[in-house]
$ cat work-v1.csv   # CSV, C-alpha atoms
chain,number,residue,atom,x,y,z
A,812,GLY,CA,53.4,62.4,89.3
A,813,PRO,CA,54.2,65.1,91.8
A,814,THR,CA,57.6,66.7,91.7
A,815,PRO,CA,60.0,66.5,94.7
A,816,ALA,CA,59.1,70.1,95.5
A,817,ARG,CA,55.4,69.2,95.8
A,818,GLN,CA,56.2,66.2,97.9
A,819,SER,CA,58.5,67.9,100.3
A,820,PRO,CA,55.9,69.6,102.5
A,821,TRP,CA,54.2,66.3,103.2
A,822,LEU,CA,57.6,64.5,103.7
A,823,VAL,CA,58.6,67.1,106.3
A,824,THR,CA,55.2,66.8,108.0
A,825,ASN,CA,55.3,63.0,108.0
A,826,LEU,CA,58.8,63.2,109.6
A,827,THR,CA,57.3,65.6,112.1
A,828,VAL,CA,54.5,63.0,112.8
A,829,CYS,CA,57.3,60.4,113.4
A,830,LEU,CA,58.7,62.5,116.2
A,831,PRO,CA,55.4,62.6,118.2
A,832,GLY,CA,55.0,58.9,117.7
A,833,LEU,CA,58.4,58.4,119.3
A,834,LEU,CA,57.6,60.9,122.1
A,835,MET,CA,54.2,59.2,122.6
A,836,LEU,CA,56.0,55.9,123.0
A,837,ILE,CA,58.5,57.3,125.5
A,838,GLY,CA,55.9,59.4,127.4
A,839,GLY,CA,53.5,56.5,127.7
A,840,SER,CA,56.3,54.3,129.0
A,841,VAL,CA,57.3,56.9,131.6
A,842,VAL,CA,53.7,57.3,132.8
A,843,GLN,CA,53.2,53.6,132.9
A,844,GLY,CA,56.3,53.3,135.0
A,845,GLN,CA,54.9,55.9,137.4
A,846,ILE,CA,51.6,54.1,137.7
A,847,LYS,CA,53.4,50.9,138.6
A,848,SER,CA,55.9,52.4,141.0
A,849,GLN,CA,53.1,54.4,142.8
A,850,SER,CA,50.6,51.4,142.8
A,851,LEU,CA,48.0,53.6,141.0
A,852,SER,CA,46.7,50.9,138.7
A,853,ARG,CA,43.0,51.3,139.5
A,854,ASN,CA,39.7,52.2,137.8
A,855,ILE,CA,38.5,55.7,138.6
A,856,GLY,CA,35.0,56.6,137.4
A,857,GLY,CA,35.1,53.7,135.0
A,858,TYR,CA,38.4,54.9,133.5
A,859,SER,CA,41.4,52.8,134.0
A,860,THR,CA,44.5,54.8,135.0
A,861,GLU,CA,46.6,52.6,132.8
A,862,ALA,CA,44.4,53.0,129.7
A,863,GLY,CA,45.9,56.4,128.7
A,864,ALA,CA,49.5,55.2,129.1
A,865,ILE,CA,49.0,51.9,127.3
A,866,ILE,CA,47.2,53.6,124.4
A,867,CYS,CA,50.1,56.1,124.2
A,868,ILE,CA,52.6,53.2,123.9
A,869,ILE,CA,50.5,51.3,121.4
A,870,PHE,CA,49.7,54.3,119.3
A,871,GLY,CA,53.3,55.5,119.5
A,872,ILE,CA,54.4,52.3,117.9
A,873,PHE,CA,51.6,52.4,115.3
A,874,VAL,CA,52.3,56.0,114.4
A,875,LEU,CA,56.0,55.3,114.0
A,876,LEU,CA,55.4,52.4,111.7
A,877,LEU,CA,52.6,54.2,109.8
A,878,SER,CA,54.7,57.2,109.3
A,879,LEU,CA,57.4,55.1,107.7
A,880,PHE,CA,54.8,53.5,105.5
A,881,GLY,CA,53.5,57.0,104.6
A,882,LEU,CA,57.1,58.1,103.7
A,883,TYR,CA,57.5,55.1,101.4
A,884,ALA,CA,54.1,55.8,99.7
A,885,THR,CA,55.1,59.5,99.2
A,886,ILE,CA,58.5,58.7,97.8
A,887,LYS,CA,57.1,56.0,95.4
A,888,ASP,CA,54.0,58.1,94.4
A,889,HIS,CA,51.6,55.3,95.5
A,890,HIS,CA,48.3,57.2,95.9
A,891,ARG,CA,46.4,54.1,97.1
A,892,PHE,CA,49.0,53.5,99.9
A,893,LEU,CA,48.5,57.2,100.9
A,894,PHE,CA,44.8,56.8,101.1
A,895,LEU,CA,45.2,53.6,103.1
A,896,TYR,CA,47.6,55.4,105.4
A,897,SER,CA,45.2,58.3,105.9
A,898,GLY,CA,42.4,55.9,106.6
A,899,VAL,CA,44.2,54.0,109.3
A,900,MET,CA,45.6,57.2,110.8
A,901,SER,CA,42.1,58.7,110.9
A,902,LEU,CA,41.0,55.7,113.0
A,903,ILE,CA,43.9,56.2,115.3
A,904,PHE,CA,43.2,59.9,115.5
A,905,VAL,CA,39.6,59.4,116.6
A,906,ILE,CA,40.5,56.8,119.3
A,907,GLN,CA,43.4,59.0,120.5
A,908,PHE,CA,41.3,62.1,120.7
A,909,ILE,CA,38.3,60.5,122.3
A,910,THR,CA,40.4,58.6,124.9
A,911,GLY,CA,42.2,61.8,125.8
A,912,ILE,CA,39.0,63.8,126.2
A,913,ILE,CA,37.3,61.1,128.3
A,914,GLY,CA,40.3,61.0,130.6
A,915,LEU,CA,40.4,64.7,131.0
A,916,SER,CA,36.7,64.8,131.7
A,917,VAL,CA,37.1,62.2,134.4
A,918,LYS,CA,40.0,64.2,136.0
A,919,HIS,CA,38.0,67.5,136.0
A,920,SER,CA,34.7,66.0,137.1
A,921,ASP,CA,33.2,67.1,140.4
A,922,LYS,CA,33.2,63.5,141.6
A,923,PHE,CA,36.9,62.8,141.0
A,924,ASP,CA,38.0,63.4,144.6
A,925,ASP,CA,35.1,61.3,145.9
A,926,GLU,CA,35.9,58.4,143.5
A,927,ILE,CA,39.6,58.4,144.6
A,928,LYS,CA,38.4,58.3,148.2
A,929,GLU,CA,36.0,55.4,147.5
A,930,GLU,CA,38.7,53.5,145.7
A,931,PHE,CA,41.5,53.9,148.2
A,932,LYS,CA,40.3,54.8,151.6
A,933,ASN,CA,39.7,51.2,152.7
A,934,ASP,CA,43.4,50.4,151.8
A,935,PHE,CA,44.4,52.4,154.9
A,936,LYS,CA,42.2,50.6,157.5
A,937,LEU,CA,43.7,48.3,160.1
A,938,ASP,CA,42.0,45.2,158.5
A,939,THR,CA,43.0,46.0,154.9
A,940,THR,CA,44.0,43.1,152.7
A,941,LYS,CA,45.9,45.4,150.3
A,942,THR,CA,49.0,45.9,152.4
A,943,ILE,CA,51.4,45.7,149.5
A,944,GLU,CA,49.7,48.4,147.6
A,945,ARG,CA,49.2,50.5,150.7
A,946,ASP,CA,52.9,50.2,151.7
A,947,ALA,CA,54.0,51.1,148.2
A,948,ILE,CA,51.8,54.2,148.2
A,949,GLN,CA,53.0,55.3,151.7
A,950,HIS,CA,56.7,54.7,150.8
A,951,TYR,CA,56.5,56.5,147.5
A,952,PHE,CA,54.4,59.6,148.6
A,953,LYS,CA,56.0,59.7,152.1
A,954,CYS,CA,52.7,59.7,153.8
A,955,CYS,CA,51.0,57.7,156.5
A,956,GLY,CA,47.3,56.6,156.7
A,957,TRP,CA,44.5,58.1,154.8
A,958,SER,CA,44.3,61.2,157.1
A,959,SER,CA,47.3,60.5,159.4
A,960,TYR,CA,49.0,57.8,161.4
A,961,LYS,CA,46.0,57.9,163.8
A,962,ASP,CA,44.1,55.8,161.2
A,963,TYR,CA,46.1,52.8,162.6
A,964,GLN,CA,44.9,53.4,166.1
A,965,TYR,CA,42.8,50.7,167.9
A,966,ASP,CA,39.8,51.5,170.1
A,967,ASN,CA,42.0,50.9,173.2
A,968,ASN,CA,44.3,53.7,172.0
A,969,THR,CA,47.1,51.3,171.0
A,970,PHE,CA,48.7,51.6,167.5
A,971,ASN,CA,49.6,49.2,164.8
A,972,VAL,CA,51.3,51.5,162.3
A,973,PRO,CA,53.0,49.8,159.4
A,974,PRO,CA,56.7,50.3,158.9
A,975,SER,CA,56.1,52.0,155.6
A,976,CYS,CA,55.0,55.0,157.6
A,977,CYS,CA,58.4,55.4,159.2
A,978,LYS,CA,60.5,58.4,158.2
A,979,ASP,CA,63.6,56.2,158.7
A,980,GLN,CA,62.9,53.4,156.3
A,981,ASN,CA,65.9,51.5,157.7
A,982,GLU,CA,63.9,50.7,160.8
A,983,LEU,CA,62.0,47.4,160.7
A,984,ASN,CA,59.6,48.8,163.3
A,985,CYS,CA,59.7,52.4,164.4
A,986,ASP,CA,56.6,52.2,166.7
A,987,THR,CA,58.2,53.3,169.9
A,988,PHE,CA,57.0,55.2,172.9
A,989,GLY,CA,58.5,58.4,171.6
A,990,ASN,CA,56.8,61.3,169.8
A,991,ARG,CA,54.9,59.5,167.0
A,992,SER,CA,54.4,62.7,164.9
A,993,ALA,CA,58.2,62.9,164.8
A,994,ILE,CA,58.7,59.2,163.9
A,995,TYR,CA,56.0,58.8,161.2
A,996,PHE,CA,55.3,60.7,158.0
A,997,GLU,CA,53.2,63.7,159.0
A,998,ASP,CA,50.9,63.9,156.0
A,999,GLY,CA,48.1,61.6,155.2
A,1000,CYS,CA,47.9,60.0,151.8
A,1001,SER,CA,44.6,61.4,150.6
A,1002,THR,CA,45.7,64.7,149.2
A,1003,LYS,CA,48.9,63.3,147.7
A,1004,LEU,CA,47.0,60.4,146.1
A,1005,ILE,CA,44.4,62.7,144.5
A,1006,ARG,CA,47.2,65.0,143.2
A,1007,GLY,CA,49.2,62.0,142.0
A,1008,PHE,CA,46.3,60.6,140.1
A,1009,GLY,CA,45.5,63.9,138.6
A,1010,THR,CA,49.0,64.4,137.3
A,1011,VAL,CA,49.2,60.9,135.8
A,1012,ILE,CA,45.8,61.2,134.1
A,1013,GLU,CA,46.4,64.7,132.8
A,1014,THR,CA,49.9,63.8,131.5
A,1015,ALA,CA,48.7,60.8,129.6
A,1016,CYS,CA,45.7,62.5,128.2
A,1017,ALA,CA,47.5,65.7,127.2
A,1018,ILE,CA,50.0,63.5,125.3
A,1019,LEU,CA,47.1,61.8,123.4
A,1020,VAL,CA,45.2,65.0,122.6
A,1021,THR,CA,48.3,67.0,121.6
A,1022,PHE,CA,49.8,64.5,119.3
A,1023,SER,CA,46.5,63.7,117.7
A,1024,ILE,CA,46.7,67.2,116.2
A,1025,PHE,CA,50.0,66.3,114.5
A,1026,ASN,CA,48.3,63.1,113.2
A,1027,PHE,CA,45.4,65.1,111.9
A,1028,ILE,CA,47.8,67.4,109.9
A,1029,GLY,CA,49.5,64.3,108.4
A,1030,ILE,CA,46.1,62.9,107.5
A,1031,VAL,CA,45.0,66.0,105.7
A,1032,LEU,CA,48.2,66.4,103.8
A,1033,SER,CA,48.3,62.7,102.8
A,1034,ILE,CA,44.9,63.0,101.3
A,1035,ILE,CA,45.8,66.1,99.4
A,1036,LEU,CA,49.0,64.5,98.1
A,1037,GLY,CA,47.2,61.3,97.2
A,1038,ARG,CA,44.6,63.2,95.2
A,1039,ASN,CA,47.4,65.1,93.4
A,1040,ILE,CA,49.2,61.9,92.5
A,1041,LYS,CA,46.0,60.2,91.3
A,1042,SER,CA,45.2,63.3,89.2
A,1043,GLY,CA,48.7,63.2,87.7
A,1044,TYR,CA,48.2,59.6,86.7
A,1045,GLN,CA,44.9,60.3,85.1
A,1046,TYR,CA,46.2,63.0,82.8
A,1047,THR,CA,49.7,61.7,81.9

$ encode --input "work-v1.csv" --output "structure tokens"
Amino acid sequence: GPTPARQSPWLVTNLTVCLPGLLMLIGGSVVQGQIKSQSLSRNIGGYSTEAGAIICIIFGIFVLLLSLFGLYATIKDHHRFLFLYSGVMSLIFVIQFITGIIGLSVKHSDKFDDEIKEEFKNDFKLDTTKTIERDAIQHYFKCCGWSSYKDYQYDNNTFNVPPSCCKDQNELNCDTFGNRSAIYFEDGCSTKLIRGFGTVIETACAILVTFSIFNFIGIVLSIILGRNIKSGYQYT
């Protein structure tokens, strides 16, 4: 079988693959936390904003476990285990890479801004039923309305601005007869939502695509080592 010297490059690489698996798990958890805290769990252009983060978490766990399995197969010179490892990792690599590319294509499509607008604009109308999601967005992004606080103006020029628009969040109702532009968050939520969605999608997809490259390196080296081990068994 292969000598420790011949095994060492793949052992080092597999340990290197373990680290991206851990980082994928952590990164996916952080992005998922951002999605929940910002109430950004929606489908944009047929792509779920949670998909990239969830896949990061799942694949992070799988990559960690498979890397340990690969280390065991390498140390014990089990070429069949190495081939099994490379086969499963190949499947993960394909799903990782395709998911990342699809997410990035959605983010950089010409219709991305319009799809965000279509998904969220109705949340900022006076008759919206998604008040919890709207308030979470306005509170997190420190914004008010889709364009401004004037989105909450009735035809008779009266206002019904939600408390989540208040700059002073300790106030239960800051709708006074004072200067409304000084009381409410000045910016509308449209630009901040589009930017927030873009950041979440790009982060999750960049993690998937970047770490799929490490997985690919591990796959190639595991196949090479497995063939060497098998060849050694045939001629000894």

$ atom_distance --input "work-v1.csv" --atom1 "atom CA of A:Ser1033" --atom2 "atom CA of A:Arg891"
10.5 Å

$ residues_around --input "work-v1.csv" --residues "stretch 1005-1018 of chain A" --least-positions-apart "2" --cutoff "8 Å" --atoms "all atoms listed in the file" --output "PyMOL selection string"
chain A and resi 835+838-839+842+845-846+851+860+863-864+867+910-912+914-915+918+924+927+1001-1003+1020-1022

$ closest_residue --input "work-v1.csv" --among "A:Ile913, A:Leu1036, A:Ile948, A:Ile869" --to "A:Leu834" --atoms "all atoms listed in the file"
A:Ile869

$ atom_distance --input "work-v1.csv" --atom1 "atom CA of A:Phe880" --atom2 "atom CA of A:Ile909"
24.6 Å

$ closest_residue --input "work-v1.csv" --among "A:Pro973, A:Arg1038, A:Gln964, A:Ser878" --to "A:Arg945" --atoms "only C-alpha atoms"
A:Pro973

$ residues_around --input "work-v1.csv" --residues "A:Asn1026" --least-positions-apart "5" --cutoff "12 Å" --atoms "only C-alpha atoms" --output "PyMOL selection string"
chain A and resi 824-832+835+870-871+873-875+877-878+881+896-908+1019-1021+1031-1033

$ residues_around --input "work-v1.csv" --residues "A:Gly999" --least-positions-apart "6" --cutoff "8 Å" --atoms "all atoms listed in the file" --output "PyMOL selection string"
chain A and resi 954-960

$ atom_distance --input "work-v1.csv" --atom1 "atom CA of A:Asp925" --atom2 "atom CA of A:Cys1000"
14.2 Å

$ closest_residue --input "work-v1.csv" --among "A:Asn1039, A:Leu876, A:Ile837, A:Leu937" --to "A:Val972" --atoms "all atoms listed in the file"
A:Leu937

$ closest_residue --input "work-v1.csv" --among "A:Leu879, A:Leu1004, A:Ile865, A:Ile1024" --to "A:Glu930" --atoms "all atoms listed in the file"
A:Leu1004
